[in-house]
$ cat data_36.cif   # mmCIF, C-alpha atoms
data_run
#
loop_
_atom_site.label_atom_id
_atom_site.label_comp_id
_atom_site.auth_asym_id
_atom_site.auth_seq_id
_atom_site.Cartn_x
_atom_site.Cartn_y
_atom_site.Cartn_z
CA MET B 371 107.37 114.35 82.34
CA ALA B 372 104.34 112.42 81.08
CA GLY B 373 101.28 113.86 79.38
CA THR B 374 100.49 117.10 77.56
CA PHE B 375 99.18 120.37 78.96
CA SER B 376 95.88 122.02 78.20
CA ASP B 377 96.08 125.74 77.46
CA PRO B 378 95.02 126.74 81.02
CA GLN B 379 97.55 124.36 82.56
CA ALA B 380 100.38 125.56 80.30
CA GLU B 381 99.53 129.21 80.90
CA MET B 382 99.48 128.71 84.66
CA LEU B 383 102.86 126.97 84.60
CA ASP B 384 104.29 129.86 82.59
CA ARG B 385 102.92 132.40 85.09
CA VAL B 386 104.25 130.51 88.10
CA ALA B 387 107.71 130.06 86.57
CA ALA B 388 107.86 133.75 85.56
CA LYS B 389 106.87 134.91 89.05
CA LEU B 390 109.48 132.72 90.70
CA ARG B 391 112.17 133.69 88.21
CA ASP B 392 111.67 137.37 89.04
CA ASP B 393 111.91 136.82 92.81
CA GLU B 394 115.32 135.95 94.25
CA ARG B 395 113.73 134.20 97.21
CA PHE B 396 112.87 131.22 95.00
CA GLU B 397 115.29 128.59 93.75
CA ALA B 398 113.23 126.10 91.73
CA LEU B 399 109.81 124.89 90.63
CA LEU B 400 109.21 121.14 90.66
CA GLY B 401 106.34 119.01 89.43
CA SER B 402 105.01 116.18 91.59
CA GLY B 403 101.96 113.93 91.52
CA SER B 404 100.94 112.84 88.04
CA LEU B 405 103.43 115.33 86.57
CA ALA B 406 106.16 113.08 87.98
CA TYR B 407 104.78 109.53 88.04
CA GLY B 408 102.61 109.61 84.91
CA GLY B 409 98.97 109.77 83.97
CA PHE B 410 98.84 113.55 83.65
CA ASP B 411 96.05 114.83 81.37
CA GLU B 412 93.84 117.87 80.84
CA HIS B 413 91.77 117.00 83.93
CA SER B 414 94.75 116.75 86.27
CA ASP B 415 95.62 119.11 89.10
CA LEU B 416 98.91 120.94 88.91
CA ASP B 417 100.94 119.60 91.85
CA LEU B 418 103.77 122.11 92.19
CA VAL B 419 106.64 122.21 94.67
CA VAL B 420 108.13 125.67 95.15
CA VAL B 421 111.72 125.54 96.43
CA THR B 422 112.43 128.59 98.57
CA ARG B 423 115.69 129.95 99.96
CA PRO B 424 116.00 128.88 103.63
CA ASP B 425 116.28 132.45 104.93
CA SER B 426 113.09 133.42 103.09
CA HIS B 427 110.92 130.39 103.76
CA ALA B 428 109.17 131.75 106.87
CA ALA B 429 108.28 135.00 105.14
CA VAL B 430 107.06 133.20 102.02
CA MET B 431 104.83 130.98 104.14
CA THR B 432 103.08 134.05 105.56
CA GLU B 433 102.65 135.52 102.07
CA ARG B 434 101.38 132.40 100.30
CA HIS B 435 97.85 133.62 99.66
CA GLY B 436 99.12 136.86 98.22
CA LEU B 437 101.57 135.05 95.99
CA ALA B 438 98.81 132.78 94.73
CA SER B 439 96.53 135.74 94.09
CA GLY B 440 99.16 137.13 91.75
CA LEU B 441 98.98 134.06 89.53
CA GLY B 442 95.45 134.60 88.25
CA GLU B 443 91.90 134.89 89.53
CA LEU B 444 92.09 132.97 92.80
CA LEU B 445 88.62 131.75 93.70
CA ALA B 446 89.45 129.84 96.87
CA ALA B 447 92.50 128.62 98.79
CA PHE B 448 93.22 126.79 102.02
CA THR B 449 96.23 125.16 103.68
CA GLY B 450 96.86 121.43 103.89
CA GLU B 451 96.79 120.61 107.59
CA HIS B 452 93.98 118.10 106.94
CA VAL B 453 96.43 115.96 104.96
CA GLY B 454 99.29 116.53 107.39
CA GLU B 455 101.03 119.06 105.13
CA PRO B 456 100.85 122.62 106.49
CA ARG B 457 103.33 123.81 103.85
CA LEU B 458 100.72 123.13 101.17
CA LEU B 459 98.36 125.76 99.74
CA ILE B 460 95.48 124.23 97.79
CA CYS B 461 94.11 126.67 95.22
CA LEU B 462 91.21 126.94 92.80
CA PHE B 463 91.59 129.40 89.94
CA GLY B 464 89.15 130.35 87.23
CA PRO B 465 87.61 130.79 84.83
CA PRO B 466 88.35 128.29 83.44
CA LEU B 467 88.50 126.23 86.64
CA LEU B 468 91.95 124.93 87.48
CA HIS B 469 93.13 123.22 90.68
CA VAL B 470 96.72 124.07 91.64
CA ASP B 471 98.60 122.77 94.69
CA LEU B 472 101.55 124.89 95.80
CA LYS B 473 103.87 123.26 98.33
CA PHE B 474 106.57 125.54 99.70
CA VAL B 475 109.79 123.82 100.78
CA THR B 476 113.53 124.44 101.07
CA LEU B 477 116.27 122.52 99.28
CA ASP B 478 116.97 120.56 102.47
CA ASP B 479 113.38 119.30 102.50
CA LEU B 480 114.09 117.39 99.30
CA ASP B 481 116.04 114.83 101.35
CA GLY B 482 112.78 113.12 102.34
CA LEU B 483 110.78 112.25 99.25
CA ALA B 484 107.78 109.99 98.68
CA GLU B 485 108.29 110.38 94.93
CA ARG B 486 110.95 111.98 92.76
CA PRO B 487 109.63 115.23 91.26
CA VAL B 488 110.58 116.65 87.89
CA ILE B 489 112.30 120.01 87.48
CA LEU B 490 110.10 122.55 85.70
CA TRP B 491 112.40 125.50 86.33
CA ALA B 492 115.51 126.06 88.44
CA ARG B 493 117.82 129.00 89.05
CA GLU B 494 120.72 126.54 89.32
CA ALA B 495 119.48 123.38 87.65
CA GLY B 496 122.63 121.37 88.36
CA VAL B 497 122.37 121.93 92.10
CA VAL B 498 118.75 120.82 92.20
CA GLU B 499 119.39 117.83 89.92
CA ARG B 500 122.20 116.57 92.15
CA ARG B 501 120.09 117.02 95.27
CA LEU B 502 117.18 115.10 93.76
CA ALA B 503 119.45 112.35 92.44
CA ALA B 504 121.03 111.83 95.86
CA ALA B 505 117.79 111.94 97.85
CA PRO B 506 116.33 108.59 98.92
CA VAL B 507 112.76 108.00 97.80
CA ARG B 508 110.54 106.39 100.41
CA PRO B 509 107.16 105.70 98.82
CA SER B 510 104.26 106.35 101.15
CA GLY B 511 102.06 103.40 101.97
CA ARG B 512 100.70 101.26 104.75
CA ASP B 513 102.04 97.88 105.78
CA PRO B 514 99.78 94.78 106.04
CA GLN B 515 99.46 95.02 109.82
CA TRP B 516 98.23 98.62 109.59
CA PHE B 517 95.31 97.44 107.47
CA GLU B 518 94.56 94.43 109.68
CA ASP B 519 94.62 96.42 112.92
CA ARG B 520 91.97 98.80 111.59
CA ALA B 521 89.86 96.81 109.15
CA TRP B 522 87.62 94.94 111.58
CA LEU B 523 87.04 97.92 113.86
CA TRP B 524 85.97 100.03 110.90
CA LEU B 525 83.74 97.30 109.50
CA HIS B 526 82.17 96.67 112.91
CA TYR B 527 81.47 100.40 113.20
CA GLY B 528 79.70 100.34 109.84
CA ALA B 529 77.73 97.25 110.81
CA THR B 530 76.48 98.79 114.07
CA LYS B 531 75.31 101.91 112.26
CA TRP B 532 73.50 99.71 109.74
CA LEU B 533 71.85 97.75 112.54
CA ARG B 534 70.68 100.98 114.16
CA GLY B 535 69.18 102.20 110.90
CA GLU B 536 71.78 104.93 110.34
CA TYR B 537 72.07 104.04 106.69
CA PHE B 538 73.83 107.19 105.52
CA GLU B 539 76.51 106.66 108.17
CA ALA B 540 76.88 102.99 107.17
CA ILE B 541 77.23 103.94 103.50
CA SER B 542 79.79 106.59 104.44
CA THR B 543 81.78 103.97 106.35
CA LEU B 544 81.80 101.66 103.32
CA ASP B 545 83.06 104.53 101.16
CA PHE B 546 85.74 105.35 103.73
CA PHE B 547 86.85 101.71 103.90
CA ARG B 548 87.08 101.52 100.11
CA GLU B 549 89.28 104.63 100.06
CA LYS B 550 91.53 103.76 103.00
CA VAL B 551 91.78 99.97 102.74
CA LEU B 552 90.46 98.25 99.61
CA GLY B 553 91.74 100.79 97.10
CA PRO B 554 95.25 100.97 98.55
CA MET B 555 95.47 97.18 98.79
CA LEU B 556 94.34 96.75 95.19
CA GLN B 557 96.98 99.27 94.14
CA ARG B 558 99.65 97.60 96.27
CA ASN B 559 98.85 94.15 94.93
CA ALA B 560 99.25 95.52 91.40
CA GLY B 561 102.65 97.03 92.23
CA ARG B 562 101.37 100.60 92.22
CA PRO B 563 101.55 103.35 94.88
CA GLN B 564 98.80 103.14 97.48
CA ARG B 565 96.81 106.12 96.22
CA GLY B 566 93.35 105.21 97.47
CA VAL B 567 90.94 104.48 94.64
CA ARG B 568 92.67 106.87 92.23
CA ARG B 569 92.61 105.36 88.74
CA VAL B 570 91.73 101.87 89.99
CA GLU B 571 89.56 101.59 86.89
CA GLY B 572 92.81 100.91 85.05
CA LEU B 573 93.49 97.76 87.07
CA ALA B 574 92.36 94.36 85.80
CA GLN B 575 89.11 93.26 87.46
CA ALA B 576 89.15 96.17 89.90
CA GLU B 577 85.69 97.37 88.88
CA ALA B 578 84.20 93.90 89.15
CA ARG B 579 85.74 93.41 92.58
CA LEU B 580 84.73 96.78 94.01
CA ARG B 581 81.19 97.10 92.67
CA PRO B 582 79.74 94.58 95.19
CA THR B 583 81.02 96.86 97.98
CA LEU B 584 78.79 99.71 96.78
CA ALA B 585 75.35 100.24 98.27
CA GLY B 586 72.44 102.57 97.82
CA TYR B 587 70.03 103.64 100.53
CA ASP B 588 68.58 100.20 101.12
CA ARG B 589 68.92 98.03 104.22
CA ALA B 590 69.45 94.74 102.43
CA ALA B 591 71.92 96.26 99.94
CA ILE B 592 74.01 97.82 102.71
CA GLY B 593 74.15 94.54 104.64
CA GLN B 594 75.26 92.69 101.53
CA ALA B 595 77.88 95.35 100.76
CA LEU B 596 79.28 95.02 104.30
CA LYS B 597 79.75 91.28 103.82
CA GLN B 598 81.26 91.68 100.37
CA THR B 599 83.65 94.33 101.68
CA ALA B 600 84.89 91.92 104.35
CA VAL B 601 85.23 89.12 101.80
CA LEU B 602 87.27 91.30 99.45
CA TYR B 603 89.52 92.49 102.25
CA VAL B 604 90.34 88.90 103.22
CA GLU B 605 91.09 88.08 99.58
CA LEU B 606 93.35 91.08 99.12
CA ARG B 607 95.39 90.45 102.28
CA GLU B 608 96.42 86.98 101.05
CA LEU B 609 99.18 88.38 98.84
CA GLU B 610 100.87 90.14 101.77
CA PRO B 611 99.37 88.77 104.98
CA PRO B 612 99.82 90.61 108.27
CA LEU B 613 101.94 89.05 111.00
CA ALA B 614 98.98 88.84 113.38
CA LEU B 615 95.41 88.17 112.28
CA THR B 616 92.47 89.47 114.29
CA ALA B 617 90.88 86.60 116.17
CA HIS B 618 87.41 85.37 115.17
CA MET B 619 87.21 87.61 112.13
CA PRO B 620 85.45 87.67 109.73
CA ALA B 621 83.20 85.03 111.36
CA LEU B 622 81.93 87.29 114.16
CA LEU B 623 81.21 90.11 111.73
CA PHE B 624 79.24 87.77 109.48
CA ASP B 625 77.29 86.50 112.49
CA LEU B 626 76.40 90.07 113.39
CA VAL B 627 75.24 91.01 109.90
CA GLU B 628 73.54 87.76 108.98
CA GLY B 629 71.75 87.57 112.32
CA MET B 630 69.54 90.53 111.39
#

$ encode --input "data_36.cif" --output "structure tokens"
Amino acid sequence: MAGTFSDPQAEMLDRVAAKLRDDERFEALLGSGSLAYGGFDEHSDLDLVVVTRPDSHAAVMTERHGLASGLGELLAAFTGEHVGEPRLLICLFGPPLLHVDLKFVTLDDLDGLAERPVILWAREAGVVERRLAAAPVRPSGRDPQWFEDRAWLWLHYGATKWLRGEYFEAISTLDFFREKVLGPMLQRNAGRPQRGVRRVEGLAQAEARLRPTLAGYDRAAIGQALKQTAVLYVELRELEPPLALTAHMPALLFDLVEGM
């Protein structure tokens, strides 16, 4: 496991492990996210996977908020349907403020992994280790055609909002495109997981390439950022081109933006 824990992080991990250890419904506590793949520091969230006995999982899911409340002063918590993960409880504790994600799974759920977590505590460590070692890891990420099929529709949407004078909406679209397309493609091209714009500052030339896609509340700046976003997308797709390119793009988009 990479990185060192701040006092609040270490204390929270101790409390979680102690609570699970004293409850026979729980089998293990795993660390995912930056705890597993590196880059963990004092500003990181605690991404925790709680392995629950199969016959207790349904009950635990209904008691999640109460379990979290027993770990410290729980300021806010909500479930992860918005990221397609209803088993996830996203928590904010404090003071001091600490973000903790608690994902409740069974041992069988470890057969489908996007990353290999680390074991922080286990009632039967050997069983969990063997299960993790045997589980295939299928990194999450989009293929080149996924990006191509969406890129020009999203950019056209941003351009039409810019033309209408909806500058906040156009800026929001540029931000969305950077998160969903440019960031993941920069990460992919560097051999890293497609994690949006997370830590792209650590990639060579990433800042210089992304800054022209930023825009303030200014008509000319937004139009220029739209064009630069399209240019960068075309550059980034060259390393892994899609099977089918969208006809007449980016020429038609440039005509639309430059015609105003």

$ atom_distance --input "data_36.cif" --atom1 "CA of Glu628 in chain B" --atom2 "CA of Ala585 in chain B"
16.5 Å

$ resolve_selection --input "data_36.cif" --expression "the PyMOL selection byres ((chain B and resi 552-561) around 9)" --output "ChimeraX atom specification"
/B:511-512,514,517,547-551,562-568,570,573-574,576,580,599,602-603,606-607,609-610

$ closest_residue --input "data_36.cif" --among "B:Asp545, B:Asp513, B:Glu536, B:Asp415" --to "Leu468 in chain B" --atoms "all atoms listed in the file"
B:Asp415

$ resolve_selection --input "data_36.cif" --expression "the PyMOL selection byres ((chain B and resi 398) around 8)" --output "ChimeraX atom specification"
/B:390,396-397,399-400,420-422,489-495,498

$ closest_residue --input "data_36.cif" --among "B:Leu613, B:Leu622, B:Ala429, B:Ala406" --to "Arg486 in chain B" --atoms "all atoms listed in the file"
B:Ala406

$ atom_distance --input "data_36.cif" --atom1 "CA of Ala388 in chain B" --atom2 "CA of Leu458 in chain B"
20.2 Å

$ closest_residue --input "data_36.cif" --among "B:Gly482, B:Pro612, B:Thr374, B:Glu605" --to "Val507 in chain B" --atoms "all atoms listed in the file"
B:Gly482

$ atom_distance --input "data_36.cif" --atom1 "CA of Ser439 in chain B" --atom2 "CA of Asp425 in chain B"
22.8 Å

$ closest_residue --input "data_36.cif" --among "B:Val627, B:Leu444, B:Ala621, B:Leu405" --to "Lys531 in chain B" --atoms "all atoms listed in the file"
B:Val627

$ closest_residue --input "data_36.cif" --among "B:Gly450, B:Gly572, B:Gly436, B:Pro378" --to "Leu416 in chain B" --atoms "only C-alpha atoms"
B:Pro378

$ resolve_selection --input "data_36.cif" --expression "the PyMOL selection byres ((chain B and resi 502) around 10)" --output "MDAnalysis selection string"
chainID B and resid 477 480:483 486:489 496:501 503:507

$ write_last_selection --input "data_36.cif" --atoms "C-alpha atoms" --output "compact mmCIF listing (two decimals), in the coordinates of the input"
# COMPACT_ATOMS: atom_id res chain seq x y z
CA LEU B 477 116.27 122.52 99.28
CA LEU B 480 114.09 117.39 99.30
CA ASP B 481 116.04 114.83 101.35
CA GLY B 482 112.78 113.12 102.34
CA LEU B 483 110.78 112.25 99.25
CA ARG B 486 110.95 111.98 92.76
CA PRO B 487 109.63 115.23 91.26
CA VAL B 488 110.58 116.65 87.89
CA ILE B 489 112.30 120.01 87.48
CA GLY B 496 122.63 121.37 88.36
CA VAL B 497 122.37 121.93 92.10
CA VAL B 498 118.75 120.82 92.20
CA GLU B 499 119.39 117.83 89.92
CA ARG B 500 122.20 116.57 92.15
CA ARG B 501 120.09 117.02 95.27
CA ALA B 503 119.45 112.35 92.44
CA ALA B 504 121.03 111.83 95.86
CA ALA B 505 117.79 111.94 97.85
CA PRO B 506 116.33 108.59 98.92
CA VAL B 507 112.76 108.00 97.80

$ axis_aligned_box --input "data_36.cif" --around "range 410-415 of chain B" --padding-each-side "5 Å" --output "JSON"
{"center_x": 95.3, "center_y": 116.3, "center_z": 85.0, "size_x": 17.1, "size_y": 15.6, "size_z": 18.3}

$ residues_near_point --input "data_36.cif" --point "(81.8, 96.8, 98.7)" --cutoff "6 Å" --atoms "only C-alpha atoms" --output "PyMOL selection string"
chain B and resi 580+582-584+595+598-599

$ write_last_selection --input "data_36.cif" --atoms "C-alpha atoms" --output "tab-separated table (two decimals), keeping the file's coordinate frame"
chain	number	residue	atom	x	y	z
B	580	LEU	CA	84.73	96.78	94.01
B	582	PRO	CA	79.74	94.58	95.19
B	583	THR	CA	81.02	96.86	97.98
B	584	LEU	CA	78.79	99.71	96.78
B	595	ALA	CA	77.88	95.35	100.76
B	598	GLN	CA	81.26	91.68	100.37
B	599	THR	CA	83.65	94.33	101.68

$ closest_residue --input "data_36.cif" --among "B:Leu596, B:Ala521, B:Ala428, B:Leu459" --to "Ser542 in chain B" --atoms "only C-alpha atoms"
B:Leu596

$ residues_near_point --input "data_36.cif" --point "(108.6, 123.8, 100.4)" --cutoff "7 Å" --atoms "only C-alpha atoms" --output "list in words"
Val419, Val420, Val421, Thr422, Arg457, Lys473, Phe474, Val475, Thr476 and Asp479 of chain B
